[in-house]
Amino acid sequence: MRLTFWVLAGLIPAAPAAATTFGVVASLNAATTGYLATPAIAAGGSVFVSTYVTGSNDFIFSIPATGGTATKIAAPTSTNNADREAIGQLIADTAGNLYGTTPGGGSTGGNCKVYSLSGCGTAFKLVKSGSSYSVQTIYSFAGGTGPQAPAGGLIADSAGNLYGVSYFGGAATNCPGGSSGVGCGTVFKLTPPVSGTTWALATLYTFQGGSDGYMPNPRLTFNSAGQLFGTTRAGGNVAVSSCQTPFSGLNTSGAQTGCGTVFKLTPPASGTSWSKSTLYTFQGTADGANPQSGVVLDSTGALYGAATQGGDTTLLCRGGTGASGCGTIFKLVPAAFGKTPWKQTVLYSFPHTGSAEVPLGVLRDRLGNLFGAAEYSPSNCSLSTNLCGEVFKLTKPALTGGAWGYIKLHSFAGGTDGAIPGAPLTVDSNGVLYGITLYGSTNVVYSVSATGFTP
């Protein structure tokens, strides 16, 4: 069975307007009291959002392209709370079906005990029929040496195979949970059935912890050669104790430190074994630390991403829980022929004043400008903690090596516009940015247009 998935691309660049326009696409406070994932843009411009934790029995919402009422389009397949936690960005195929994952639910074997949930996680498909959807579990993860707690943000290749990461799983024992733990994370592939509904799982790589990294982030990125690129939240240089231990509220007995890594997976020329290389290990200093999202590619093969900590290490920023610095936007340049190290450059280091803190990820437009959302901001916030966040643009310098310009596209005030962006941005074919907030007087799905984003 071959599936075709939507790729967001603009055929005609949208001309930037005179002023950036911020809009609340939908307020979800009445629909959910939990976290939301990066919005997905499907056919016709409709916006789909999944909840991460919710007190209701619904976890996927559809919003018209023009904004308005959020409609609950899917309910869990059981009464298990884990099935109500659709984590990460959805992906849509050209038939209008949606795909995503839950970190719990499904099989209860394999020593799955993260998140205090039952089950090792599932991958699901929302099958579209007219204006309604039905939930179909396409894979139930079993844990053990395989993936558990999939982290959402699936991507697809041209044959309809799905690729994703799991925060935990694998045979390594030196990650959260110690010797009886739940592994250091995996990269996996789901192959659609030729007939029937049973998908096939292949674990492409199992992280080993330590210098190899652990807890891979969604979302992976392909290049034209079929290689996969991604980041890990932790591991790498585990001698650095100042970096934030991710998800400290979970079962982390025996958890290690480390500032995270950037990695590459190369498909096999023959056989089934993928090869993994660590492209960069964060040091937790001026280079950054603890990325929580993937990377994006340019036409030269260079990678761009965001680190939530590090940068100016004289600053202890509001978003920090141990690491100094407010975060960085970085670039990795491929190694020269015959050389192995990739070169890392910090394009922008976030200060405690003047701009936001804790960037969540970046998008790159055709002109090379970068766009993102940051969780915190030191001003223009009605909340007592001043943690409202903002949407930003980094303008590419005219000359190589010049300074990138920071432009504040929107500062959240903590009211009806929401507060604290909770996931990286997405963009539609017209260059309109979409995101979500976690707090404020309401959770919102928002749009930012006329930013100059050139698809």
# chains A, B, ... in the order shown; residues from 1 in each chain; ligands from 1
>>> residues_around(residues="Gly88 (chain A)", least_positions_apart="3", cutoff="10 Å", atoms="only C-alpha atoms", output="ChimeraX atom specification")
/A:36-40,49-52,85,91,100-103,150-154,218-219,423
>>> residues_around(residues="region 260-273 of chain A", least_positions_apart="2", cutoff="9 Å", atoms="only C-alpha atoms", output="ChimeraX atom specification")
/A:204-205,211-216,225-238,243,257-258,275-284,289-291,294-295
>>> residues_around(residues="Phe412 (chain A)", least_positions_apart="6", cutoff="8 Å", atoms="only C-alpha atoms", output="list in words")
Asn380, Cys381, Cys388, Gly389, Glu390, Gly418, Ala419 and Ile420 of chain A
>>> select_by_dssp(residues="region 233-351 of chain A", states="strand (DSSP E or B)", output="number ranges by chain")
A: 233-234, 261-266, 275-281, 289, 296-297, 303-307, 309, 328-333, 343-349
>>> atom_distance(atom1="CA of Gln148 (chain A)", atom2="CA of Gly169 (chain A)")
4.8 Å
>>> residues_around(residues="Ser411 (chain A)", least_positions_apart="5", cutoff="12 Å", atoms="only C-alpha atoms", output="number ranges by chain")
A: 20-22, 354-357, 373-382, 386-392, 417-421, 437, 448
>>> closest_residue(among="A:Ser324, A:Thr221, A:Thr314, A:Gln344", to="Asp298 (chain A)", atoms="only C-alpha atoms")
A:Thr221
>>> closest_residue(among="A:Ala95, A:Val25, A:Ala200, A:Cys184", to="Asn161 (chain A)", atoms="only C-alpha atoms")
A:Ala200
>>> atom_distance(atom1="CA of Ser441 (chain A)", atom2="CA of Asp428 (chain A)")
26.8 Å
>>> closest_residue(among="A:Lys396, A:Arg366, A:Lys189, A:Lys125", to="Leu162 (chain A)", atoms="only C-alpha atoms")
A:Lys189
>>> atom_distance(atom1="CA of Pro455 (chain A)", atom2="CA of Ser62 (chain A)")
23.9 Å
>>> closest_residue(among="A:Val194, A:Leu367, A:Cys317, A:Ala413", to="Ser299 (chain A)", atoms="only C-alpha atoms")
A:Leu367
>>> residues_around(residues="Lys72 (chain A)", least_positions_apart="5", cutoff="8 Å", atoms="only C-alpha atoms", output="list in words")
Asp58, Phe59, Ile60, Phe61 and Ser62 of chain A
>>> residues_around(residues="Phe168 (chain A)", least_positions_apart="5", cutoff="10 Å", atoms="only C-alpha atoms", output="short mmCIF file (atom, residue, chain, number, x, y, z; two decimals) with C-alpha atoms, in the first residue's frame")
data_model
loop_
_atom_site.label_atom_id
_atom_site.label_comp_id
_atom_site.auth_asym_id
_atom_site.auth_seq_id
_atom_site.Cartn_x
_atom_site.Cartn_y
_atom_site.Cartn_z
CA PRO A 103 3.29 7.75 24.64
CA CYS A 112 6.91 0.21 30.44
CA VAL A 114 7.33 6.07 32.25
CA CYS A 120 4.34 1.29 25.93
CA GLY A 143 8.75 -1.89 24.88
CA GLY A 144 11.63 -4.05 26.04
CA THR A 145 14.45 -3.66 23.54
CA GLY A 146 12.04 -2.00 21.11
CA PRO A 147 10.62 1.53 21.17
CA GLN A 148 8.49 2.78 24.02
CA ALA A 149 6.92 6.18 24.68
CA PRO A 150 6.95 7.40 21.05
CA ALA A 151 7.48 11.14 20.96
CA CYS A 175 19.58 6.05 31.23
CA PRO A 176 16.57 6.98 33.40
CA GLY A 181 15.22 1.09 33.40
CA VAL A 182 13.40 1.69 30.20
CA GLY A 183 16.23 2.35 27.79
CA CYS A 184 17.72 5.45 26.19
CA GLY A 185 15.41 5.88 23.19
CA THR A 186 15.13 4.70 19.61
CA VAL A 187 14.52 5.73 16.01
CA THR A 206 18.88 2.24 19.68
CA PHE A 207 20.66 4.96 21.66
CA TYR A 214 19.70 9.64 24.95
CA MET A 215 16.09 10.75 24.65
CA PRO A 216 15.85 11.69 20.93
#
>>> select_by_dssp(residues="region 159-263 of chain A", states="helix (DSSP H, G or I)", output="list in words")
Gly178, Ser179, Ser180, Gly210, Ser211 and Asp212 of chain A
>>> residues_around(residues="Trp199 (chain A)", least_positions_apart="2", cutoff="8 Å", atoms="only C-alpha atoms", output="list in words")
Ile138, Tyr139, Leu190, Thr191, Pro192, Pro193, Thr197 and Leu201 of chain A
>>> write_last_selection(atoms="all heavy atoms", output="PDB file, in the first residue's frame")
ATOM      1  N   ILE A 138      -2.567   1.559  14.449  1.00  0.00           N
ATOM      2  CA  ILE A 138      -1.805   0.874  13.404  1.00  0.00           C
ATOM      3  C   ILE A 138      -0.609   0.128  13.983  1.00  0.00           C
ATOM      4  O   ILE A 138      -0.057  -0.756  13.329  1.00  0.00           O
ATOM      5  CB  ILE A 138      -1.346   1.849  12.296  1.00  0.00           C
ATOM      6  CG1 ILE A 138      -0.425   2.935  12.863  1.00  0.00           C
ATOM      7  CG2 ILE A 138      -2.546   2.457  11.602  1.00  0.00           C
ATOM      8  CD1 ILE A 138       0.153   3.846  11.796  1.00  0.00           C
ATOM      9  N   TYR A 139      -0.188   0.485  15.221  1.00  0.00           N
ATOM     10  CA  TYR A 139       0.863  -0.291  15.870  1.00  0.00           C
ATOM     11  C   TYR A 139       0.797  -0.074  17.373  1.00  0.00           C
ATOM     12  O   TYR A 139       0.576   1.048  17.843  1.00  0.00           O
ATOM     13  CB  TYR A 139       2.262   0.083  15.359  1.00  0.00           C
ATOM     14  CG  TYR A 139       3.265  -0.988  15.709  1.00  0.00           C
ATOM     15  CD1 TYR A 139       3.409  -2.108  14.891  1.00  0.00           C
ATOM     16  CD2 TYR A 139       4.014  -0.918  16.869  1.00  0.00           C
ATOM     17  CE1 TYR A 139       4.290  -3.122  15.224  1.00  0.00           C
ATOM     18  CE2 TYR A 139       4.901  -1.930  17.210  1.00  0.00           C
ATOM     19  CZ  TYR A 139       5.033  -3.034  16.391  1.00  0.00           C
ATOM     20  OH  TYR A 139       5.883  -4.050  16.718  1.00  0.00           O
ATOM     21  N   LEU A 190       7.829   2.554  10.538  1.00  0.00           N
ATOM     22  CA  LEU A 190       6.606   1.775  10.386  1.00  0.00           C
ATOM     23  C   LEU A 190       6.280   1.673   8.900  1.00  0.00           C
ATOM     24  O   LEU A 190       6.142   2.681   8.212  1.00  0.00           O
ATOM     25  CB  LEU A 190       5.446   2.425  11.134  1.00  0.00           C
ATOM     26  CG  LEU A 190       5.517   2.369  12.674  1.00  0.00           C
ATOM     27  CD1 LEU A 190       4.425   3.234  13.281  1.00  0.00           C
ATOM     28  CD2 LEU A 190       5.400   0.931  13.159  1.00  0.00           C
ATOM     29  N   THR A 191       6.174   0.430   8.401  1.00  0.00           N
ATOM     30  CA  THR A 191       5.897   0.176   6.989  1.00  0.00           C
ATOM     31  C   THR A 191       4.439  -0.199   6.815  1.00  0.00           C
ATOM     32  O   THR A 191       3.941  -1.104   7.498  1.00  0.00           O
ATOM     33  CB  THR A 191       6.793  -0.956   6.468  1.00  0.00           C
ATOM     34  OG1 THR A 191       8.163  -0.585   6.647  1.00  0.00           O
ATOM     35  CG2 THR A 191       6.537  -1.219   4.985  1.00  0.00           C
ATOM     36  N   PRO A 192       3.703   0.471   5.913  1.00  0.00           N
ATOM     37  CA  PRO A 192       2.284   0.171   5.747  1.00  0.00           C
ATOM     38  C   PRO A 192       2.079  -1.204   5.149  1.00  0.00           C
ATOM     39  O   PRO A 192       2.939  -1.720   4.429  1.00  0.00           O
ATOM     40  CB  PRO A 192       1.803   1.271   4.793  1.00  0.00           C
ATOM     41  CG  PRO A 192       3.019   1.701   4.059  1.00  0.00           C
ATOM     42  CD  PRO A 192       4.156   1.559   5.032  1.00  0.00           C
ATOM     43  N   PRO A 193       0.933  -1.816   5.443  1.00  0.00           N
ATOM     44  CA  PRO A 193       0.665  -3.160   4.924  1.00  0.00           C
ATOM     45  C   PRO A 193       0.352  -3.145   3.438  1.00  0.00           C
ATOM     46  O   PRO A 193      -0.191  -2.169   2.913  1.00  0.00           O
ATOM     47  CB  PRO A 193      -0.555  -3.605   5.733  1.00  0.00           C
ATOM     48  CG  PRO A 193      -1.255  -2.313   6.071  1.00  0.00           C
ATOM     49  CD  PRO A 193      -0.163  -1.300   6.269  1.00  0.00           C
ATOM     50  N   THR A 197      -4.480  -4.320   7.740  1.00  0.00           N
ATOM     51  CA  THR A 197      -4.228  -3.129   8.560  1.00  0.00           C
ATOM     52  C   THR A 197      -2.974  -3.235   9.413  1.00  0.00           C
ATOM     53  O   THR A 197      -2.670  -2.322  10.168  1.00  0.00           O
ATOM     54  CB  THR A 197      -5.428  -2.871   9.490  1.00  0.00           C
ATOM     55  OG1 THR A 197      -5.624  -4.019  10.333  1.00  0.00           O
ATOM     56  CG2 THR A 197      -6.690  -2.593   8.692  1.00  0.00           C
ATOM     57  N   LEU A 201       7.000  -2.960  12.141  1.00  0.00           N
ATOM     58  CA  LEU A 201       7.941  -2.102  12.870  1.00  0.00           C
ATOM     59  C   LEU A 201       9.368  -2.544  12.618  1.00  0.00           C
ATOM     60  O   LEU A 201       9.683  -3.733  12.661  1.00  0.00           O
ATOM     61  CB  LEU A 201       7.656  -2.162  14.372  1.00  0.00           C
ATOM     62  CG  LEU A 201       8.703  -1.487  15.272  1.00  0.00           C
ATOM     63  CD1 LEU A 201       8.616   0.030  15.159  1.00  0.00           C
ATOM     64  CD2 LEU A 201       8.543  -1.921  16.725  1.00  0.00           C
TER      65      LEU A 201
END
